[in-house]
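See structure below.
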Amino acid sequence: MISRISRAGALLVAAAALVLNGCAARTAPPARELPAPAASDGHDRHSASALETARVGYAAADVEFMQRMIHHHAQALVMTGLVAGRADRRELELLAGRIDASQRSEIESMRRWLEKRGEHAPDPSHAHHDAMTSMPGMLTDAQLAELRAATGATFDRLFLERMIQHHEGALSMVADLFATPGAGQESEIFRFATDVDADQRAEIARMRNLLNTIPATPNTR
Amino acid sequence: MTSKTLLALLATATLLTARETRAQLDSTPARSTDPRVGLAGGLDDAREAAWNLRHVVHRPRAEGWYDPDDLGTLRYSSSDLAFRGNVVFQGAFHGLQAWDVSTPADPRRIMALPCPGGQGDVSVHGNLLFMSVEETRGRVDCGTQGIIDTVSSERFRGVRIFDISDVANPRPVALVQTCRGSHTHTLVTDPRDAANVYIYVSGTSRVRSPSELAGCSGRPPEEDPNTSYFRIEVIQVPVAAPQNARIVNMPRIFADSAGAIAGLWQGGTHGEGTQRTAVTNQCHDITVYGEIGLAAGACAGNGILLDVSDPANPRRIDEVSDPNFAYWHSATFSNDGRKVIFTDEWGGGTQPRCRATDRPEWGADAIFSIEMRKMRFRSYYKIPAPQTSAENCVAHNGSLIPVPGRDIMVQGWYQGGISVFDFTDPTKPVEIAFFDRGPVSDTSLVIAGFWAGYWYNGRIYGSEMARGLDIFELQPSEYLTQNEIDAAKLVQVDVLNPQNQKRIVWPAQFVVARAYVDGLMRRDAKRRSWGQGVHAELARAEKGPAAARRTALARLATRLDRDAANAPDAETVRALAGVVRELGTSAR
């Protein structure tokens with residue numbers, strides 16, 4: 001059974017013209033009184049209405065989540081791009097390599113999800129500054145500059161602290177998504193957000209462990 | 001030999017015909033001649049390749065159970081299967097269906113109940129049917145409109161229980177809500193307690209709000225010892241009063257000896273060049289084998305063995321990890337309980353992971369032997385034919401094929417098709433049959449393929465995510481004789497839930513003895529004349545009058561027991577002797 005259906009795949013599903021109303025989930029009819037569900041032999045189910053009601057669409061909040069998360073991920077790539085030449089620990093390079101690969105793949109998935117639905121898919125390399133700083137966990141310019149200036153064990157420690165902060169921001173974006181009425185209902189977005197949540201939680205735990213092995217007042221190289 | 005080399009060799013070996021020479025083995029690039037390579041795509045008209053399998057019939061998804069504009073959307077994907085009598089229950093992310101397969105060449109859809117929420121994993125026990133729901137769109141009333149409120153008493157995530165006395169009209173009798181929903185579940189029966197059955201719930205999603213379901217906590221264990229992570233739920237279902245089903249235990253089966261509940265794999269790599277393995281804070285699927293008192297849990301970052309002699313209180317007795325596994329996904333025991341196969345769902349099932357560039361030991365099956373209730377790694381198995389980037393492919397669900405004296409499994413590999421392989425020698429798994437279609441689309445990845453391939457009462461049933469249902473029959477080959485197929489078909493059960501394994505027992509019939517002999521002969525060329533002799537004696541005895549048959553078979557059984565003493569596979573020879581002896585004593 002599918003688990004942690006990921007990214008590229010879940011969202012690479014057949015290209016299709018957007019038929020759904022972008023707000024279908026929010027405009028769905030109110031819950032009806034709950035009789036036992038009606039079974040059938042399946043052949044009576046081709047009525048258009050049956051199909052329409054089965055289409056739990058995506059909500060505007062889903063689109064916004066994907067668009068914002070692309071920018072959020074893009075900053076993680078900026079951070080991982082600083083590792084080479086600055087990091088002291090080999091483990092840090094490995095960790096950064098993994099984060100880099102998974103965030104890139106997720107960016108592609110998010111872009112496909114948006115494109116397939118005819119929604120604007122932001123180019124991660126052209127983010128608006130405002131968009132970048134208004135999201136939870138995002139590093140400020142000053143924090144980025146501080147990271148850029150660091151080397152050795154100081155860099156290692158700072159990188160982990162900032163990446164944990166950054167990942168926690170992503171978790172809070174997922175939490176906000178599911179706390180938005182009508183959002184996170186569509187199977188694909190449910191999976192994607194679930195996966196981001198699971199992966200980033202796991203990475204936070206690993207980074208905390210790694211952080212614990214680095215002295216608080218490190219000797220610089 | 002490394003497992004990688006072994007797999008490459010196996011890949012080559014399965015493609016060779018008897019006439020091909022050793023020189024070709026050395027010079028021909030592996031895989032290039034596999035008929036599964038280069039199959040043209042299409043939803044209904046993809047090209048197909050079959051080897052030692054006959055495709056009996058195909059049935060597409062029902063009208064209304066797919067989105068013509070989005071053929072691969074998970075919203076409508078078919079999922080797992082369960083079997084009772086002549087009925088095949090097929091789960092889907094969109095609901096529940098049933099097929100009457102009394103006439104296997106003409107399966108009839110007899111029920112289609114929209115009831116969304118994914119994944120729709122199903123099991124049956126008597127007149128009860130259980131179904132997994134995990135998504136936030138799942139509704140108490142099976143409605144298809146989703147739920148707008150973020151906290152709602154109308155939301156359902158957990159295990160639905162239906163009464164299926166009338167298969168065409170399932171009647172909801174109970175709903176058991178869980179914090180992470182139910183990604184999969186496993187039916188567990190207690191031989192000492194027929195009044196209750198148990199459901200092990202594997203939830204893999206986010207934890208929901210405690211305002212929606214009291215007690216749920218998505219906080220990490222260091223902040224909240226009552227976190228909803230790092231556990232499974234055990235539901236007790238009184239068979240006569242299923243409406244009273246309730247969670248009776250939430251065992252911390254990943255705890256270490258010091259009691260830390262996050263005691264197993266912490267997530268991450270195993271060193272440079274290894275796979276990144278998920279953290280063990282959940283099981284993805286659990287397979288219970290009650291007759292040996294064990295369950296195998298495929299639990300994200302680990303494969304674990306559970307002692308389930310007290311079904312309500314599963315207790316972990318062993319765990320393994322693997323540097324090539326990304327996500328421990330499902331498990332299947334051998335019939336003797338001395339081997340267990342775990343699958344690795346690298347990429348989550350929606351990624352192309354069987355390309356020529358993907359490592360053969362990643363996204364594969366890992367075969368373990370079990371000795372003194374401890375697991376030991378033996379080898380990997382992955383389908384040997386490379387698939388395209390337009391085909392999601394990785395190891396997925398399967399079951400045993402009951403061929404006497406051999407360990408054979410059929411398995412779905414999503415768009416990698418159906419693969420049948422022999423793992424009698426756990427160090428040398430070998431493919432013996434397959435079926436494959438081209439991708440749904442030649443140009444883009446449309447999620448589809450075989451969620452599962454299961455053997456049930458003589459046939460192989462495939463649940464195709466985007467294409468519906470397929471039924472296959474095994475064909476005799478140099479890897480499997482007609483005797484072996486006929487013996488497998490003799491095993492008839494009333495019900496099959498593949499994650500609730502039951503011991504396979506063969507009736508004492510001549511064809512079962514012959515199947516054992518065929519297998520023994522294949523395994524060792526030096527046994528040829530020995531086997532021919534046994535076959536001749538069986539044939540003579542079968543034709544003779546009862547008294548002579550009794551004598552001849554008793555004599556043969558004694559001789560076989562003697563032969564067993566010197567055989568490397570003594571147990572198989574002794575099993576053959578046992579069948580022959582029983583044939584003799586029952587002769588009249």
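So you can find residues: chains in the structure tokens are A, B, ... in the order shown, residues in each start at 1, and ligands are numbered from 1 in order.
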
How close does each residue of chain B get to chain A, giving the shortest atom pair and distance in Å to one decimal for every residue with an atom at most 7 Å away, counting only C-alpha atoms, sorted by chain and residue number, as a tab-separated table?
```
residue	atom	partner	partner_atom	distance
B:Ala62	CA	A:Gly42	CA	5.5
B:Glu63	CA	A:His46	CA	4.9
B:Gly64	CA	A:His46	CA	4.7
B:Asp69	CA	A:Ala16	CA	5.2
B:Asp70	CA	A:Ala14	CA	5.3
B:Leu71	CA	A:Ala14	CA	6.0
B:Gly72	CA	A:Val13	CA	5.1
B:Thr73	CA	A:Val13	CA	6.1
B:Leu74	CA	A:Ser187	CA	6.0
B:Arg75	CA	A:Ser187	CA	5.5
B:Arg109	CA	A:Asp41	CA	6.0
B:Ile110	CA	A:Asp41	CA	5.1
B:Met111	CA	A:Asp41	CA	4.5
B:Ala112	CA	A:Gly42	CA	4.9
B:Leu113	CA	A:Ala39	CA	4.4
B:Glu135	CA	A:Phe190	CA	6.9
B:Thr136	CA	A:Gln185	CA	5.7
B:Arg137	CA	A:Gln185	CA	5.0
B:Asp141	CA	A:Leu34	CA	5.4
B:Cys142	CA	A:Pro37	CA	6.2
B:Thr144	CA	A:Ala54	CA	4.7
B:Gln145	CA	A:Thr53	CA	5.6
B:Gly146	CA	A:Val56	CA	5.9
B:Ile147	CA	A:Gly182	CA	6.4
B:Ile148	CA	A:Gly182	CA	4.0
B:Asp149	CA	A:Pro181	CA	4.9
B:Thr150	CA	A:Pro181	CA	5.3
B:Ala168	CA	A:Ala39	CA	6.8
B:Asn169	CA	A:Ala39	CA	5.6
B:Arg171	CA	A:Ala36	CA	6.8
B:Pro172	CA	A:Ala36	CA	6.8
B:Ser205	CA	A:Thr194	CA	6.0
B:Arg206	CA	A:Thr194	CA	6.0
B:Gly267	CA	A:Ala202	CA	6.3
B:Val279	CA	A:Ala202	CA	6.4
B:Gly347	CA	A:Ser6	CA	6.3
B:Gly348	CA	A:Ile5	CA	4.3
B:Gly349	CA	A:Ile2	CA	5.3
B:Thr350	CA	A:Gly9	CA	4.4
B:Gln351	CA	A:Gly9	CA	4.8
B:His396	CA	A:Met1	CA	6.8
B:Ser444	CA	A:Ala14	CA	6.9
B:Leu445	CA	A:Leu12	CA	5.9
B:Val446	CA	A:Val13	CA	4.5
B:Ile447	CA	A:Val13	CA	5.6
B:Trp451	CA	A:Met1	CA	6.8
```

According to DSSP computed on the backbone, where in region 340-443 of chain B is there strand (DSSP E or B)? Give the residues as a compact mmCIF listing (two decimals) with N, CA and C atoms, in the first residue's frame.
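The resulting file, selection-v6.txt, is shown below:
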```
# COMPACT_ATOMS: atom_id res chain seq x y z
N VAL B 340 10.84 -14.92 6.14
CA VAL B 340 9.90 -13.81 6.01
C VAL B 340 10.46 -12.84 4.97
N ILE B 341 9.55 -12.38 4.11
CA ILE B 341 9.93 -11.42 3.07
C ILE B 341 9.37 -10.07 3.44
N PHE B 342 10.23 -9.07 3.45
CA PHE B 342 9.76 -7.70 3.65
C PHE B 342 9.90 -6.94 2.34
N THR B 343 8.97 -6.04 2.08
CA THR B 343 9.09 -5.20 0.89
C THR B 343 9.55 -3.81 1.31
N ASP B 344 10.25 -3.16 0.39
CA ASP B 344 10.70 -1.79 0.59
C ASP B 344 9.97 -0.90 -0.41
N PRO B 352 8.88 6.12 -10.24
CA PRO B 352 9.49 5.06 -11.04
C PRO B 352 10.78 4.61 -10.36
N ASP B 365 12.41 -6.62 -2.53
CA ASP B 365 12.06 -7.49 -1.40
C ASP B 365 13.36 -7.86 -0.69
N ALA B 366 13.31 -7.97 0.61
CA ALA B 366 14.45 -8.54 1.34
C ALA B 366 13.96 -9.83 2.00
N ILE B 367 14.70 -10.89 1.77
CA ILE B 367 14.30 -12.20 2.29
C ILE B 367 15.15 -12.51 3.53
N PHE B 368 14.47 -12.83 4.60
CA PHE B 368 15.14 -13.17 5.85
C PHE B 368 14.79 -14.60 6.24
N SER B 369 15.74 -15.30 6.85
CA SER B 369 15.39 -16.55 7.49
C SER B 369 15.08 -16.24 8.95
N ILE B 370 14.28 -17.09 9.57
CA ILE B 370 13.96 -16.91 10.99
C ILE B 370 14.45 -18.15 11.72
N GLU B 371 15.42 -17.94 12.59
CA GLU B 371 15.95 -19.04 13.38
C GLU B 371 15.88 -18.65 14.84
N LYS B 374 14.75 -15.25 15.55
CA LYS B 374 15.61 -14.12 15.16
C LYS B 374 15.70 -14.11 13.64
N MET B 375 15.67 -12.91 13.07
CA MET B 375 15.73 -12.80 11.62
C MET B 375 17.17 -12.60 11.15
N ARG B 376 17.45 -13.21 10.00
CA ARG B 376 18.78 -13.08 9.41
C ARG B 376 18.63 -12.83 7.92
N PHE B 377 19.26 -11.77 7.45
CA PHE B 377 19.13 -11.39 6.05
C PHE B 377 19.75 -12.44 5.14
N ARG B 378 19.05 -12.74 4.02
CA ARG B 378 19.58 -13.71 3.07
C ARG B 378 19.78 -13.14 1.66
N SER B 379 18.81 -12.39 1.15
CA SER B 379 19.00 -11.87 -0.21
C SER B 379 17.90 -10.85 -0.55
N TYR B 380 18.09 -10.21 -1.70
CA TYR B 380 17.06 -9.30 -2.22
C TYR B 380 16.43 -9.91 -3.46
N TYR B 381 15.20 -9.52 -3.72
CA TYR B 381 14.57 -9.87 -4.99
C TYR B 381 13.91 -8.63 -5.56
N CYS B 393 6.85 2.11 -10.00
CA CYS B 393 7.20 0.70 -9.82
C CYS B 393 8.07 0.54 -8.58
N ASN B 397 2.37 -5.52 -2.76
CA ASN B 397 1.72 -6.59 -2.02
C ASN B 397 1.62 -7.92 -2.78
N GLY B 398 1.72 -9.00 -2.03
CA GLY B 398 1.64 -10.31 -2.63
C GLY B 398 1.29 -11.39 -1.62
N SER B 399 1.25 -12.61 -2.09
CA SER B 399 0.92 -13.73 -1.21
C SER B 399 1.61 -14.99 -1.72
N LEU B 400 1.55 -16.03 -0.90
CA LEU B 400 2.17 -17.30 -1.28
C LEU B 400 1.30 -18.04 -2.31
N ILE B 401 1.98 -18.81 -3.17
CA ILE B 401 1.29 -19.76 -4.04
C ILE B 401 1.58 -21.14 -3.48
N ILE B 408 6.89 -20.12 -2.97
CA ILE B 408 6.65 -19.33 -4.17
C ILE B 408 5.70 -18.20 -3.81
N MET B 409 6.01 -17.03 -4.32
CA MET B 409 5.18 -15.86 -4.01
C MET B 409 4.80 -15.15 -5.31
N VAL B 410 3.58 -14.64 -5.33
CA VAL B 410 3.15 -13.75 -6.41
C VAL B 410 3.03 -12.36 -5.81
N GLN B 411 3.39 -11.36 -6.61
CA GLN B 411 3.50 -10.02 -6.05
C GLN B 411 3.19 -8.97 -7.10
N GLY B 412 2.52 -7.90 -6.68
CA GLY B 412 2.28 -6.76 -7.55
C GLY B 412 3.43 -5.76 -7.43
N TRP B 413 3.81 -5.22 -8.55
CA TRP B 413 4.91 -4.22 -8.61
C TRP B 413 4.39 -2.94 -9.28
N TYR B 414 3.16 -2.56 -8.98
CA TYR B 414 2.57 -1.39 -9.64
C TYR B 414 2.71 -1.56 -11.16
N GLN B 415 3.22 -0.51 -11.85
CA GLN B 415 3.30 -0.64 -13.31
C GLN B 415 4.46 -1.54 -13.75
N ILE B 418 3.04 -7.97 -12.61
CA ILE B 418 2.91 -9.05 -11.64
C ILE B 418 4.14 -9.94 -11.80
N SER B 419 4.76 -10.31 -10.70
CA SER B 419 5.91 -11.19 -10.79
C SER B 419 5.72 -12.37 -9.84
N VAL B 420 6.03 -13.56 -10.33
CA VAL B 420 5.96 -14.78 -9.50
C VAL B 420 7.40 -15.27 -9.34
N PHE B 421 7.81 -15.49 -8.08
CA PHE B 421 9.20 -15.94 -7.88
C PHE B 421 9.27 -17.02 -6.82
N ASP B 422 10.33 -17.82 -6.95
CA ASP B 422 10.59 -18.93 -6.03
C ASP B 422 11.69 -18.50 -5.07
N VAL B 430 14.34 -16.66 -7.58
CA VAL B 430 14.36 -16.65 -9.04
C VAL B 430 12.94 -16.47 -9.57
N GLU B 431 12.81 -15.60 -10.55
CA GLU B 431 11.49 -15.34 -11.14
C GLU B 431 11.07 -16.52 -12.00
N ILE B 432 9.79 -16.91 -11.90
CA ILE B 432 9.33 -18.06 -12.69
C ILE B 432 8.11 -17.72 -13.57
N ALA B 433 7.56 -16.52 -13.43
CA ALA B 433 6.43 -16.12 -14.28
C ALA B 433 6.23 -14.63 -14.13
N PHE B 434 5.65 -14.01 -15.13
CA PHE B 434 5.32 -12.59 -14.99
C PHE B 434 4.23 -12.17 -15.95
N PHE B 435 3.65 -11.01 -15.66
CA PHE B 435 2.73 -10.31 -16.57
C PHE B 435 3.05 -8.83 -16.45
N ASP B 436 3.05 -8.16 -17.56
CA ASP B 436 3.33 -6.72 -17.52
C ASP B 436 2.59 -6.04 -18.66
N ARG B 437 2.16 -4.81 -18.39
CA ARG B 437 1.58 -3.95 -19.40
C ARG B 437 2.50 -2.76 -19.61
```

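Between Asp123 (chain A) and the candidates A:Met135, A:Ala101, A:Met110, A:Ala84, the tightest atom-to-atom separation, counting only C-alpha atoms, involves A:Met110.
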
Exercise for the section: Enumerate the residues of region 191-381 of chain B with a DSSP assignment of helix (DSSP H, G or I), computed from the backbone, and present them as number ranges by chain. Expected result: B: 242-244, 290-292

Include C-alpha atoms and write out the residues we just selected as a PDB file, in the first residue's frame.
```pdb
ATOM      1  CA  PRO B 242     -19.555  -5.468  16.340  1.00  0.00           C
ATOM      2  CA  GLN B 243     -21.157  -2.190  17.332  1.00  0.00           C
ATOM      3  CA  ASN B 244     -19.173  -2.517  20.564  1.00  0.00           C
ATOM      4  CA  GLY B 290      -1.371 -16.985  14.146  1.00  0.00           C
ATOM      5  CA  GLU B 291      -0.424 -20.658  13.869  1.00  0.00           C
ATOM      6  CA  ILE B 292       3.202 -19.827  14.640  1.00  0.00           C
TER       7      ILE B 292
END
```

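Using only C-alpha atoms, the protein and nucleic acid residues lying no more than 8 Å from His166 (chain A), apart from those fewer than 3 places from it along its own chain, are Ala76, Pro136, Gly137, Met138, Leu139, Arg162, Met163, Gly169 and Ala170 of chain A.
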
Exercise for the section: Give me, please, the distance in Å between CA of Pro225 (chain B) and CA of Thr287 (chain B), quoted to one decimal. Expected result: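 That distance, rounded to one decimal, is 27.3 Å.
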
Handout entry: All residues 10 Å or closer to Pro107 (chain B), only C-alpha atoms, same chain fewer than 6 positions away omitted, as a count of residues only
Key = 13

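For the pair CA of Arg522 (chain B) and CA of Glu478 (chain B), the interatomic distance is 8.5 Å.
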
Problem - Within 6 Å of Ile460 (chain B) using only C-alpha atoms, minus same-chain residues under 5 positions, as a PyMOL selection string - result: chain B and resi 454-455+471-472

Problem - Nearest-residue call for Val83 (chain A), choices A:Ile204, A:Ala121, A:Ile99, A:Met69, using only C-alpha atoms - result: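 Among A:Ile204, A:Ala121, A:Ile99, A:Met69, it is A:Ile99 that comes nearest to Val83 (chain A).
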